[in-house]
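Heads up: the structure comes next, in structure tokens.
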Amino acid sequence: MSISRQIMKYGLTRILPRNRWLTRGTSGLPGAPVSWTFDDGPHPEWTPELLDLLDRAGVLATFFLVGEAASRHPNLVRRIAAAGHLIGNHTYSHRTPREMTSAEFVDEFDRTQSLLADLTGEVPRFFRPPKGEMTLSMMRTVWDRGATIALWSVDPRDYRMSSSDEADRWANSYRRKSGDIVLFHDNRPWATSLARRLIEADSGLGDASVRLDEWMSDSFTRARTGQAAAQFA
Ligand SMILES: [Zn+2]
């Protein structure tokens, strides 16, 4: 992400409400809950093994699906939803604003919303722009439709990794902080090994990951802080 985009991202985080622009969750919560997000799937090879792992560990995450891939693998989309994960819209073709007009964006956004709603029975509430790039007219489109633009606060750059050693190194050096939104890609081979490493390292800390919509609910924060108060009582 370029410097100017970083500045824009943090500037908007300060002025916009969380239900419009989400870049991180609540800090300072006991147990340091974080959200793992997996972009660019579903992938016929990597997504199922990731789902197996998350299932076994009882971990919930958010998947930002590309419409084109979702239409090729509808059963995987259904499986992600049935497992209790949250599904978000990541455009239909994974093109950035430089590669499409505003009208094309509207079409991609709407097409992906209806495809995912048809497959899961739920209209996605979150949208993530490919590479985090957006124009003002695209933001308006998303907000007019009542959706939240969700970015991330931690980027392991798994799309540049070329070995599981690299994935391990990142996982070993990452120190989770309450409210982190971590950007993974399940169309790359590293998602499962990164998640496995983090689950192993985090054992005892509490949920390895919660769905993005938890950050929108006051009861989540209250339950977390209430839990801590009960422990100290
Ligand atoms: Zn992407």
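Every chain in the structure tokens takes a letter, A first, then B, and so on in the order presented; its residues are numbered from 1, and the ligands are numbered from 1 following the presented order.
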
Q. Could you pull the residues within 9 Å of range 52-66 of chain A, counting only C-alpha atoms, minus those fewer than 3 positions along the same chain, as number ranges by chain?
A. A: 35-42, 47-49, 69-71, 77, 80, 83-94, 112, 116, 126-128, 186, 192, 195-196, 199, 207-213

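Counting only C-alpha atoms and comparing A:Arg5, A:Arg176, A:Arg197, A:Arg169, the residue that lies closest to Pro30 in chain A is A:Arg176.
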
What's the 7 Å shell around Pro97 in chain A, counting only C-alpha atoms, without same-chain residues fewer than 6 positions away, as a PDB file with all heavy atoms, in the first residue's frame?
```pdb
ATOM      1  N   GLU A 133      -7.845  -0.665  -2.858  1.00  0.00           N
ATOM      2  CA  GLU A 133      -7.969   0.552  -3.676  1.00  0.00           C
ATOM      3  C   GLU A 133      -9.429   0.871  -3.961  1.00  0.00           C
ATOM      4  O   GLU A 133     -10.177   0.014  -4.400  1.00  0.00           O
ATOM      5  CB  GLU A 133      -7.225   0.374  -5.002  1.00  0.00           C
ATOM      6  CG  GLU A 133      -5.731   0.332  -4.815  1.00  0.00           C
ATOM      7  CD  GLU A 133      -4.979   0.102  -6.124  1.00  0.00           C
ATOM      8  OE1 GLU A 133      -5.593   0.257  -7.205  1.00  0.00           O
ATOM      9  OE2 GLU A 133      -3.799  -0.246  -6.046  1.00  0.00           O
ATOM     10  N   MET A 134      -9.807   2.144  -3.726  1.00  0.00           N
ATOM     11  CA  MET A 134     -11.194   2.560  -3.954  1.00  0.00           C
ATOM     12  C   MET A 134     -11.247   3.994  -4.412  1.00  0.00           C
ATOM     13  O   MET A 134     -10.422   4.803  -4.015  1.00  0.00           O
ATOM     14  CB  MET A 134     -11.984   2.511  -2.652  1.00  0.00           C
ATOM     15  CG  MET A 134     -12.283   1.147  -2.154  1.00  0.00           C
ATOM     16  SD  MET A 134     -13.828   1.165  -1.228  1.00  0.00           S
ATOM     17  CE  MET A 134     -14.986   0.767  -2.479  1.00  0.00           C
ATOM     18  N   THR A 135     -12.270   4.332  -5.192  1.00  0.00           N
ATOM     19  CA  THR A 135     -12.547   5.738  -5.495  1.00  0.00           C
ATOM     20  C   THR A 135     -13.740   6.162  -4.637  1.00  0.00           C
ATOM     21  O   THR A 135     -14.431   5.315  -4.054  1.00  0.00           O
ATOM     22  CB  THR A 135     -12.936   5.917  -6.969  1.00  0.00           C
ATOM     23  OG1 THR A 135     -14.148   5.196  -7.188  1.00  0.00           O
ATOM     24  CG2 THR A 135     -11.850   5.415  -7.898  1.00  0.00           C
TER      25      THR A 135
END
```

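Distances to Asn187 in chain A were evaluated for A:Ile149, A:Val154, A:Val123, A:Leu50 using only C-alpha atoms, and the minimum falls at A:Leu50.
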
Q: Measuring atom to atom with only C-alpha atoms, identify which of A:Ala201, A:Glu99, A:Ser153, A:Glu214 is nearest to Phe184 in chain A.
A: A:Ser153
